Every structure is written in C-alpha cells, then in structure tokens.
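Note: the block below is input-v9.cif and it holds mmCIF, C-alpha atoms; chains and numbers go by the auth columns.
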```cif
data_my_file
loop_
_atom_site.group_PDB
_atom_site.id
_atom_site.type_symbol
_atom_site.label_atom_id
_atom_site.label_comp_id
_atom_site.label_asym_id
_atom_site.label_seq_id
_atom_site.Cartn_x
_atom_site.Cartn_y
_atom_site.Cartn_z
_atom_site.B_iso_or_equiv
_atom_site.auth_seq_id
_atom_site.auth_asym_id
ATOM 1 C CA MET A 1 -34.472 2.014 1.128 0.00 1 K
ATOM 2 C CA ALA A 2 -31.364 2.630 -0.979 0.00 2 K
ATOM 3 C CA PRO A 3 -30.341 0.197 -3.718 0.00 3 K
ATOM 4 C CA ARG A 4 -27.811 -2.417 -2.693 0.00 4 K
ATOM 5 C CA GLY A 5 -24.968 -1.059 -4.893 0.00 5 K
ATOM 6 C CA SER A 6 -25.080 2.477 -3.454 0.00 6 K
ATOM 7 C CA GLN A 7 -24.284 1.328 0.098 0.00 7 K
ATOM 8 C CA ARG A 8 -20.767 0.232 -0.802 0.00 8 K
ATOM 9 C CA THR A 9 -17.809 2.552 -0.869 0.00 9 K
ATOM 10 C CA VAL A 10 -16.158 2.613 -4.274 0.00 10 K
ATOM 11 C CA ASN A 11 -12.339 2.748 -4.230 0.00 11 K
ATOM 12 C CA LYS A 12 -12.253 4.213 -0.740 0.00 12 K
ATOM 13 C CA ILE A 13 -8.615 4.670 0.261 0.00 13 K
ATOM 14 C CA VAL A 14 -8.104 3.428 3.812 0.00 14 K
ATOM 15 C CA ALA A 15 -4.338 3.819 4.236 0.00 15 K
ATOM 16 C CA GLU A 16 -1.687 5.387 2.045 0.00 16 K
ATOM 17 C CA ASN A 17 2.101 5.256 2.165 0.00 17 K
ATOM 18 C CA ARG A 18 2.954 8.767 0.973 0.00 18 K
ATOM 19 C CA LYS A 19 6.665 8.544 1.729 0.00 19 K
ATOM 20 C CA ALA A 20 7.098 5.556 -0.588 0.00 20 K
ATOM 21 C CA ARG A 21 7.046 7.690 -3.737 0.00 21 K
ATOM 22 C CA PHE A 22 9.680 9.980 -2.214 0.00 22 K
ATOM 23 C CA ASN A 23 12.001 7.232 -0.957 0.00 23 K
ATOM 24 C CA TYR A 24 11.628 4.826 -3.890 0.00 24 K
ATOM 25 C CA GLU A 25 11.542 4.967 -7.669 0.00 25 K
ATOM 26 C CA ILE A 26 8.353 3.082 -8.604 0.00 26 K
ATOM 27 C CA ILE A 27 8.958 0.660 -11.484 0.00 27 K
ATOM 28 C CA ASP A 28 5.656 -1.239 -11.632 0.00 28 K
ATOM 29 C CA THR A 29 2.466 -1.567 -9.570 0.00 29 K
ATOM 30 C CA TYR A 30 0.288 -4.584 -8.803 0.00 30 K
ATOM 31 C CA GLU A 31 -3.114 -5.018 -7.196 0.00 31 K
ATOM 32 C CA ALA A 32 -3.146 -7.736 -4.555 0.00 32 K
ATOM 33 C CA GLY A 33 -5.880 -9.117 -2.358 0.00 33 K
ATOM 34 C CA LEU A 34 -5.395 -9.431 1.401 0.00 34 K
ATOM 35 C CA VAL A 35 -6.210 -12.430 3.601 0.00 35 K
ATOM 36 C CA LEU A 36 -7.963 -10.790 6.556 0.00 36 K
ATOM 37 C CA THR A 37 -10.066 -11.863 9.523 0.00 37 K
ATOM 38 C CA GLY A 38 -13.486 -10.341 10.224 0.00 38 K
ATOM 39 C CA THR A 39 -12.287 -7.899 12.857 0.00 39 K
ATOM 40 C CA GLU A 40 -9.493 -6.687 10.568 0.00 40 K
ATOM 41 C CA VAL A 41 -12.020 -5.835 7.850 0.00 41 K
ATOM 42 C CA LYS A 42 -14.177 -3.947 10.341 0.00 42 K
ATOM 43 C CA SER A 43 -11.136 -2.026 11.555 0.00 43 K
ATOM 44 C CA LEU A 44 -10.267 -1.165 7.934 0.00 44 K
ATOM 45 C CA ARG A 45 -13.812 0.043 7.261 0.00 45 K
ATOM 46 C CA GLU A 46 -13.371 2.492 10.145 0.00 46 K
ATOM 47 C CA GLY A 47 -10.347 3.863 8.257 0.00 47 K
ATOM 48 C CA LYS A 48 -7.794 2.999 10.891 0.00 48 K
ATOM 49 C CA ALA A 49 -4.715 1.469 9.312 0.00 49 K
ATOM 50 C CA ASN A 50 -1.049 2.319 8.910 0.00 50 K
ATOM 51 C CA ILE A 51 1.253 0.940 6.214 0.00 51 K
ATOM 52 C CA ALA A 52 3.975 3.606 6.420 0.00 52 K
ATOM 53 C CA GLU A 53 6.582 1.256 7.926 0.00 53 K
ATOM 54 C CA SER A 54 5.467 -1.928 6.186 0.00 54 K
ATOM 55 C CA TYR A 55 6.978 -3.925 3.355 0.00 55 K
ATOM 56 C CA ALA A 56 6.282 -7.130 1.431 0.00 56 K
ATOM 57 C CA SER A 57 8.477 -10.199 1.457 0.00 57 K
ATOM 58 C CA ASP A 58 8.523 -13.412 -0.563 0.00 58 K
ATOM 59 C CA GLU A 59 8.756 -16.559 1.502 0.00 59 K
ATOM 60 C CA GLY A 60 8.443 -19.870 -0.249 0.00 60 K
ATOM 61 C CA GLU A 61 5.763 -19.662 -2.919 0.00 61 K
ATOM 62 C CA GLU A 62 3.872 -16.822 -1.220 0.00 62 K
ATOM 63 C CA ILE A 63 4.193 -13.089 -0.652 0.00 63 K
ATOM 64 C CA TRP A 64 3.487 -11.626 2.789 0.00 64 K
ATOM 65 C CA LEU A 65 2.755 -8.107 4.027 0.00 65 K
ATOM 66 C CA ILE A 66 4.912 -7.500 7.082 0.00 66 K
ATOM 67 C CA ASN A 67 4.727 -4.818 9.801 0.00 67 K
ATOM 68 C CA SER A 68 1.435 -3.251 8.719 0.00 68 K
ATOM 69 C CA HIS A 69 -0.659 -1.963 11.601 0.00 69 K
ATOM 70 C CA LEU A 70 -4.412 -2.587 11.722 0.00 70 K
ATOM 71 C CA PRO A 71 -5.622 -1.592 15.203 0.00 71 K
ATOM 72 C CA GLU A 72 -7.954 -3.831 17.151 0.00 72 K
ATOM 73 C CA TYR A 73 -11.681 -3.457 16.556 0.00 73 K
ATOM 74 C CA LEU A 74 -13.017 -2.202 19.899 0.00 74 K
ATOM 75 C CA GLN A 75 -16.398 -3.970 19.745 0.00 75 K
ATOM 76 C CA ALA A 76 -14.811 -7.384 19.031 0.00 76 K
ATOM 77 C CA ASN A 77 -13.954 -8.064 22.657 0.00 77 K
ATOM 78 C CA ARG A 78 -11.868 -11.256 23.076 0.00 78 K
ATOM 79 C CA PHE A 79 -12.171 -12.303 19.402 0.00 79 K
ATOM 80 C CA ASN A 80 -9.826 -9.563 18.240 0.00 80 K
ATOM 81 C CA HIS A 81 -6.840 -9.922 15.933 0.00 81 K
ATOM 82 C CA GLU A 82 -3.171 -9.179 16.516 0.00 82 K
ATOM 83 C CA PRO A 83 -2.514 -5.620 15.192 0.00 83 K
ATOM 84 C CA ARG A 84 0.908 -6.217 13.596 0.00 84 K
ATOM 85 C CA ARG A 85 0.543 -9.780 12.336 0.00 85 K
ATOM 86 C CA ARG A 86 1.855 -10.912 8.937 0.00 86 K
ATOM 87 C CA ARG A 87 -0.842 -10.939 6.259 0.00 87 K
ATOM 88 C CA LYS A 88 -0.777 -13.099 3.156 0.00 88 K
ATOM 89 C CA LEU A 89 -1.148 -11.325 -0.203 0.00 89 K
ATOM 90 C CA LEU A 90 -3.235 -12.874 -2.953 0.00 90 K
ATOM 91 C CA LEU A 91 -1.494 -12.727 -6.334 0.00 91 K
ATOM 92 C CA SER A 92 -1.451 -15.061 -9.320 0.00 92 K
ATOM 93 C CA LYS A 93 1.443 -17.521 -9.665 0.00 93 K
ATOM 94 C CA ARG A 94 2.735 -15.664 -12.722 0.00 94 K
ATOM 95 C CA GLU A 95 2.815 -12.355 -10.813 0.00 95 K
ATOM 96 C CA ILE A 96 4.531 -13.980 -7.834 0.00 96 K
ATOM 97 C CA ASN A 97 7.208 -15.532 -10.053 0.00 97 K
ATOM 98 C CA ARG A 98 7.795 -12.214 -11.843 0.00 98 K
ATOM 99 C CA LEU A 99 8.104 -10.347 -8.535 0.00 99 K
ATOM 100 C CA ARG A 100 10.452 -12.957 -7.034 0.00 100 K
ATOM 101 C CA ALA A 101 12.704 -12.786 -10.110 0.00 101 K
ATOM 102 C CA SER A 102 12.909 -8.984 -9.915 0.00 102 K
ATOM 103 C CA ILE A 103 13.652 -9.039 -6.196 0.00 103 K
ATOM 104 C CA ASN A 104 16.360 -11.718 -6.413 0.00 104 K
ATOM 105 C CA ARG A 105 18.082 -10.652 -9.635 0.00 105 K
ATOM 106 C CA GLU A 106 17.804 -6.897 -9.689 0.00 106 K
ATOM 107 C CA GLY A 107 17.687 -6.124 -5.961 0.00 107 K
ATOM 108 C CA MET A 108 14.315 -4.396 -6.003 0.00 108 K
ATOM 109 C CA THR A 109 11.910 -3.988 -3.093 0.00 109 K
ATOM 110 C CA LEU A 110 8.169 -4.603 -2.698 0.00 110 K
ATOM 111 C CA VAL A 111 6.574 -1.525 -1.145 0.00 111 K
ATOM 112 C CA PRO A 112 2.860 -1.187 -0.287 0.00 112 K
ATOM 113 C CA LEU A 113 1.426 2.086 -1.618 0.00 113 K
ATOM 114 C CA LYS A 114 -2.182 2.029 -0.401 0.00 114 K
ATOM 115 C CA ILE A 115 -4.993 -0.124 0.962 0.00 115 K
ATOM 116 C CA TYR A 116 -8.444 0.502 -0.472 0.00 116 K
ATOM 117 C CA PHE A 117 -11.831 -1.124 -1.063 0.00 117 K
ATOM 118 C CA ASN A 118 -12.682 -1.926 -4.699 0.00 118 K
ATOM 119 C CA GLU A 119 -16.104 -1.810 -6.394 0.00 119 K
ATOM 120 C CA LYS A 120 -17.086 -5.196 -4.928 0.00 120 K
ATOM 121 C CA GLY A 121 -16.225 -4.060 -1.408 0.00 121 K
ATOM 122 C CA ARG A 122 -13.086 -6.206 -1.146 0.00 122 K
ATOM 123 C CA ALA A 123 -9.943 -4.910 0.566 0.00 123 K
ATOM 124 C CA LYS A 124 -7.084 -4.553 -1.928 0.00 124 K
ATOM 125 C CA LEU A 125 -3.460 -3.509 -1.605 0.00 125 K
ATOM 126 C CA GLU A 126 -1.592 -1.573 -4.275 0.00 126 K
ATOM 127 C CA LEU A 127 1.886 -3.062 -4.249 0.00 127 K
ATOM 128 C CA ALA A 128 4.843 -1.444 -6.009 0.00 128 K
ATOM 129 C CA LEU A 129 8.010 -2.973 -7.347 0.00 129 K
ATOM 130 C CA ALA A 130 10.512 -0.258 -6.486 0.00 130 K
ATOM 131 C CA LYS A 131 14.161 0.649 -6.434 0.00 131 K
ATOM 132 C CA GLY A 132 15.558 2.769 -3.586 0.00 132 K
ATOM 133 C CA LYS A 133 16.516 6.372 -4.401 0.00 133 K
ATOM 134 C CA LYS A 134 19.882 7.823 -3.522 0.00 134 K
ATOM 135 C CA LEU A 135 20.127 11.047 -1.519 0.00 135 K
ATOM 136 C CA HIS A 136 20.843 13.193 -4.588 0.00 136 K
ATOM 137 C CA ASP A 137 17.770 11.738 -6.352 0.00 137 K
ATOM 138 C CA LYS A 138 15.607 12.705 -3.373 0.00 138 K
ATOM 139 C CA ARG A 139 16.999 16.253 -3.464 0.00 139 K
ATOM 140 C CA GLU A 140 16.289 16.471 -7.182 0.00 140 K
ATOM 141 C CA THR A 141 12.698 15.320 -6.628 0.00 141 K
ATOM 142 C CA GLU A 142 12.253 17.945 -3.912 0.00 142 K
ATOM 143 C CA LYS A 143 13.661 20.725 -6.133 0.00 143 K
ATOM 144 C CA GLU A 144 11.359 19.734 -8.976 0.00 144 K
ATOM 145 C CA ARG A 145 8.349 19.721 -6.650 0.00 145 K
ATOM 146 C CA ASP A 146 9.246 23.196 -5.310 0.00 146 K
ATOM 147 C CA TRP A 147 9.721 24.573 -8.812 0.00 147 K
ATOM 148 C CA ASN A 148 6.312 23.250 -9.890 0.00 148 K
ATOM 149 C CA ARG A 149 4.705 24.949 -6.867 0.00 149 K
ATOM 150 C CA GLN A 150 6.392 28.249 -7.724 0.00 150 K
ATOM 151 C CA LYS A 151 5.258 27.982 -11.355 0.00 151 K
ATOM 152 C CA GLN A 152 1.663 27.466 -10.228 0.00 152 K
ATOM 153 C CA ARG A 153 1.851 30.498 -7.920 0.00 153 K
ATOM 154 C CA ILE A 154 3.308 32.688 -10.708 0.00 154 K
ATOM 155 C CA LEU A 155 0.656 31.569 -13.193 0.00 155 K
ATOM 156 C CA LYS A 156 -2.115 32.065 -10.618 0.00 156 K
ATOM 157 C CA THR A 157 -1.111 35.638 -9.708 0.00 157 K
ATOM 158 C CA GLY A 158 -0.685 36.701 -13.283 0.00 158 K
#
```
Any chance you could put this one into structure tokens?
Amino acid sequence: MAPRGSQRTVNKIVAENRKARFNYEIIDTYEAGLVLTGTEVKSLREGKANIAESYASDEGEEIWLINSHLPEYLQANRFNHEPRRRRKLLLSKREINRLRASINREGMTLVPLKIYFNEKGRAKLELALAKGKKLHDKRETEKERDWNRQKQRILKTG
C-alpha cells in the first residue's frame, strides 16, 4: 500500500485561462480558495472545468467567481450542482480591501488564471489583478512572441 502523501496530486492544474495573459497586462496575482460542493470537487478532480469566459467581481464584503463552468458529475445523480453557478472566493480581509481599492480607483479587472490542487489537495484559484491591453499592445506581444520563436529556430539549426 502506498504512503498517504503519494496518493495526492501536487499542484495539478485543472483549468487554465491562456487567453488572459494575451488580453490583459497582469499586475499582481493572488491565490484564493474556492467554496465548492462535493460534486464540484469530484468534477474538478476529473479535470473537467472551463474558466476561459469567467471573471471575478466584488459584491459587498466578498469576492465571487462568475461564469466559470464546472460540468455536472455524472455519478452524482440528483444531488448534482449547477454548472455555471457563482462561487465564493476565500481571501483575507486585507487582500479583499486591496483588490476592491484597485478595482474602484484604477479601473482594473480581476481575471482568473488557473484552477489547481495544492499540496494539501485543496482546490485553489490563481486570481490576477489586470489591466486590459489595447489592440496595438496585443500586436506588439504577438510580434515579440514570433521573434522569440524565430530566434530559437535560428539558434537550433546553427
């Protein structure tokens, strides 16, 4: 029988928002816990989640993850969860106040980057404080990425 610690998945990425780094300039990142039901955790462990169209919003004294899609767990039968429900994020009061100030004063956005399981097996969300890129910034990012690819090809071939 394997030791208890080896059964867990360490920092297993379940869902990633790859377009976020292209569409937004990431200022700061935070690690937030998620309030989930049992069937949502089981669905996450299967690796079926989508946060590409989701965002975070501050309402009252709390921050919520909105429009994330966690599909229903097939074996749960009638005790299943709603796939696109709002999920509360667990952050400290200081972090919440800092995020709210940045959103209200500076017009920044809270964008989820990825959902993963940490060392203790808890589902975590990497949340980014971001500023939207303009079209010319996106083009510049794309040019830089293409140039780096060409450099690697040139160095590889000799």
| query | Quick one: distance from CA of Pro71 (chain K) to CA of Ala130 (chain K) in Å, one decimal? | reply | 27.1 Å
| message | One number please: CA of Glu31 (chain K) to CA of Leu110 (chain K), in Å, one decimal. | response |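 Spanning CA of Glu31 (chain K) to CA of Leu110 (chain K) is a straight-line distance of 12.2 Å.
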| said: For a test of reading the model, state the distance in Å between CA of Glu16 (chain K) and CA of Ser68 (chain K), rounded to one decimal. | reply: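 CA of Ser68 (chain K) lies at a distance of 11.4 Å from CA of Glu16 (chain K).
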| request: Could you check which of K:Arg105, K:Arg78, K:Lys143, K:Arg100 is closest to Thr39 (chain K), using only C-alpha atoms? | output: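 Looking at the shortest contact to Thr39 (chain K), the residue is K:Arg78.
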| request: Convert the output of the PyMOL selection byres ((chain K and resi 108) around 8) on the shown file into explicit residues, formatted as a ChimeraX atom specification. | output: /K:102-104,106-107,109-110,129-132
| Selected residue of minimal separation from Glu95 (chain K) among K:Asp58, K:Ser43, K:His69, K:Asn77, counting all atoms listed in the file |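 Closest to Glu95 (chain K), using all atoms listed in the file: K:Asp58.
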| message | Given all atoms listed in the file as the basis, pick out the residue of K:Arg149, K:Arg94, K:Lys138, K:Lys133 nearest to Tyr24 (chain K). | response |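 Closest residue, counting all atoms listed in the file: K:Lys133.
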| field | Selection dump of the PyMOL selection byres ((chain K and resi 88) around 8), as a ChimeraX atom specification | value | /K:34-35,62-65,86-87,89-90
Selected residues written out with C-alpha atoms, as a PDB file, keeping the file's coordinate frame:
```
ATOM      1  CA  LEU K  34      -5.395  -9.431   1.401  1.00  0.00           C
ATOM      2  CA  VAL K  35      -6.210 -12.430   3.601  1.00  0.00           C
ATOM      3  CA  GLU K  62       3.872 -16.822  -1.220  1.00  0.00           C
ATOM      4  CA  ILE K  63       4.193 -13.089  -0.652  1.00  0.00           C
ATOM      5  CA  TRP K  64       3.487 -11.626   2.789  1.00  0.00           C
ATOM      6  CA  LEU K  65       2.755  -8.107   4.027  1.00  0.00           C
ATOM      7  CA  ARG K  86       1.855 -10.912   8.937  1.00  0.00           C
ATOM      8  CA  ARG K  87      -0.842 -10.939   6.259  1.00  0.00           C
ATOM      9  CA  LEU K  89      -1.148 -11.325  -0.203  1.00  0.00           C
ATOM     10  CA  LEU K  90      -3.235 -12.874  -2.953  1.00  0.00           C
TER      11      LEU K  90
END
```
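Minimum atom-to-atom distances from K:Leu127, K:Leu44, K:Ile27, K:Leu36 to Lys114 (chain K) were compared using all atoms listed in the file, and the lowest value belongs to K:Leu127.
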At a cut-off of 9 Å, using all atoms listed in the file, what residues contact Leu113 (chain K)? Leave out same-chain residues fewer than 3 positions from it and give the result as a short mmCIF file (atom, residue, chain, number, x, y, z; two decimals) with C-alpha atoms, keeping the file's coordinate frame.
```
data_model
loop_
_atom_site.label_atom_id
_atom_site.label_comp_id
_atom_site.auth_asym_id
_atom_site.auth_seq_id
_atom_site.Cartn_x
_atom_site.Cartn_y
_atom_site.Cartn_z
CA ALA K 15 -4.34 3.82 4.24
CA GLU K 16 -1.69 5.39 2.04
CA ASN K 17 2.10 5.26 2.16
CA ARG K 18 2.95 8.77 0.97
CA LYS K 19 6.66 8.54 1.73
CA ALA K 20 7.10 5.56 -0.59
CA ARG K 21 7.05 7.69 -3.74
CA THR K 29 2.47 -1.57 -9.57
CA ILE K 51 1.25 0.94 6.21
CA ALA K 52 3.98 3.61 6.42
CA LEU K 125 -3.46 -3.51 -1.60
CA GLU K 126 -1.59 -1.57 -4.28
CA LEU K 127 1.89 -3.06 -4.25
CA ALA K 128 4.84 -1.44 -6.01
#
```
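Against this structure, the PyMOL selection byres ((chain K and resi 46) around 12) ends up with Thr9, Lys12, Ile13, Val14, Ala15, Thr39, Glu40, Val41, Lys42, Ser43, Leu44, Arg45, Gly47, Lys48, Ala49, Leu70, Pro71, Glu72, Tyr73, Leu74, Gln75, Tyr116 and Phe117 of chain K.
Each of K:Asn23, K:Ala76, K:Glu61, K:Arg84 was compared to Arg98 (chain K) using all atoms listed in the file, and K:Glu61 turns out to be the nearest.
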Could you rebuild region 123-138 of chain K with N, CA and C atoms and give it back as a PDB file, keeping the file's coordinate frame?
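Written output follows (rebuild-v2.pdb):
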```
ATOM      1  N   ALA K 123     -11.143  -5.654   0.206  1.00  0.00           N
ATOM      2  CA  ALA K 123      -9.943  -4.910   0.566  1.00  0.00           C
ATOM      3  C   ALA K 123      -8.810  -5.305  -0.375  1.00  0.00           C
ATOM      4  N   LYS K 124      -8.189  -4.323  -0.995  1.00  0.00           N
ATOM      5  CA  LYS K 124      -7.084  -4.553  -1.928  1.00  0.00           C
ATOM      6  C   LYS K 124      -5.884  -3.727  -1.490  1.00  0.00           C
ATOM      7  N   LEU K 125      -4.710  -4.195  -1.906  1.00  0.00           N
ATOM      8  CA  LEU K 125      -3.460  -3.509  -1.605  1.00  0.00           C
ATOM      9  C   LEU K 125      -2.775  -3.190  -2.919  1.00  0.00           C
ATOM     10  N   GLU K 126      -2.390  -1.937  -3.105  1.00  0.00           N
ATOM     11  CA  GLU K 126      -1.592  -1.573  -4.275  1.00  0.00           C
ATOM     12  C   GLU K 126      -0.133  -1.736  -3.883  1.00  0.00           C
ATOM     13  N   LEU K 127       0.516  -2.682  -4.559  1.00  0.00           N
ATOM     14  CA  LEU K 127       1.886  -3.062  -4.249  1.00  0.00           C
ATOM     15  C   LEU K 127       2.791  -2.580  -5.366  1.00  0.00           C
ATOM     16  N   ALA K 128       3.930  -1.985  -5.009  1.00  0.00           N
ATOM     17  CA  ALA K 128       4.843  -1.444  -6.009  1.00  0.00           C
ATOM     18  C   ALA K 128       6.164  -2.195  -5.996  1.00  0.00           C
ATOM     19  N   LEU K 129       6.659  -2.460  -7.176  1.00  0.00           N
ATOM     20  CA  LEU K 129       8.010  -2.973  -7.347  1.00  0.00           C
ATOM     21  C   LEU K 129       8.879  -1.734  -7.489  1.00  0.00           C
ATOM     22  N   ALA K 130       9.800  -1.534  -6.553  1.00  0.00           N
ATOM     23  CA  ALA K 130      10.512  -0.258  -6.486  1.00  0.00           C
ATOM     24  C   ALA K 130      12.004  -0.456  -6.274  1.00  0.00           C
ATOM     25  N   LYS K 131      12.717   0.601  -6.631  1.00  0.00           N
ATOM     26  CA  LYS K 131      14.161   0.649  -6.434  1.00  0.00           C
ATOM     27  C   LYS K 131      14.441   1.857  -5.539  1.00  0.00           C
ATOM     28  N   GLY K 132      15.271   1.687  -4.533  1.00  0.00           N
ATOM     29  CA  GLY K 132      15.558   2.769  -3.586  1.00  0.00           C
ATOM     30  C   GLY K 132      16.261   3.935  -4.248  1.00  0.00           C
ATOM     31  N   LYS K 133      15.878   5.165  -3.865  1.00  0.00           N
ATOM     32  CA  LYS K 133      16.516   6.372  -4.401  1.00  0.00           C
ATOM     33  C   LYS K 133      17.738   6.713  -3.569  1.00  0.00           C
ATOM     34  N   LYS K 134      18.710   7.293  -4.219  1.00  0.00           N
ATOM     35  CA  LYS K 134      19.882   7.823  -3.522  1.00  0.00           C
ATOM     36  C   LYS K 134      19.534   9.206  -2.978  1.00  0.00           C
ATOM     37  N   LEU K 135      20.385   9.752  -2.141  1.00  0.00           N
ATOM     38  CA  LEU K 135      20.127  11.047  -1.519  1.00  0.00           C
ATOM     39  C   LEU K 135      20.030  12.154  -2.554  1.00  0.00           C
ATOM     40  N   HIS K 136      20.893  12.120  -3.584  1.00  0.00           N
ATOM     41  CA  HIS K 136      20.843  13.193  -4.588  1.00  0.00           C
ATOM     42  C   HIS K 136      19.574  13.090  -5.433  1.00  0.00           C
ATOM     43  N   ASP K 137      19.040  11.889  -5.635  1.00  0.00           N
ATOM     44  CA  ASP K 137      17.770  11.738  -6.352  1.00  0.00           C
ATOM     45  C   ASP K 137      16.617  12.330  -5.557  1.00  0.00           C
ATOM     46  N   LYS K 138      16.658  12.144  -4.229  1.00  0.00           N
ATOM     47  CA  LYS K 138      15.607  12.705  -3.373  1.00  0.00           C
ATOM     48  C   LYS K 138      15.650  14.225  -3.413  1.00  0.00           C
TER      49      LYS K 138
END
```
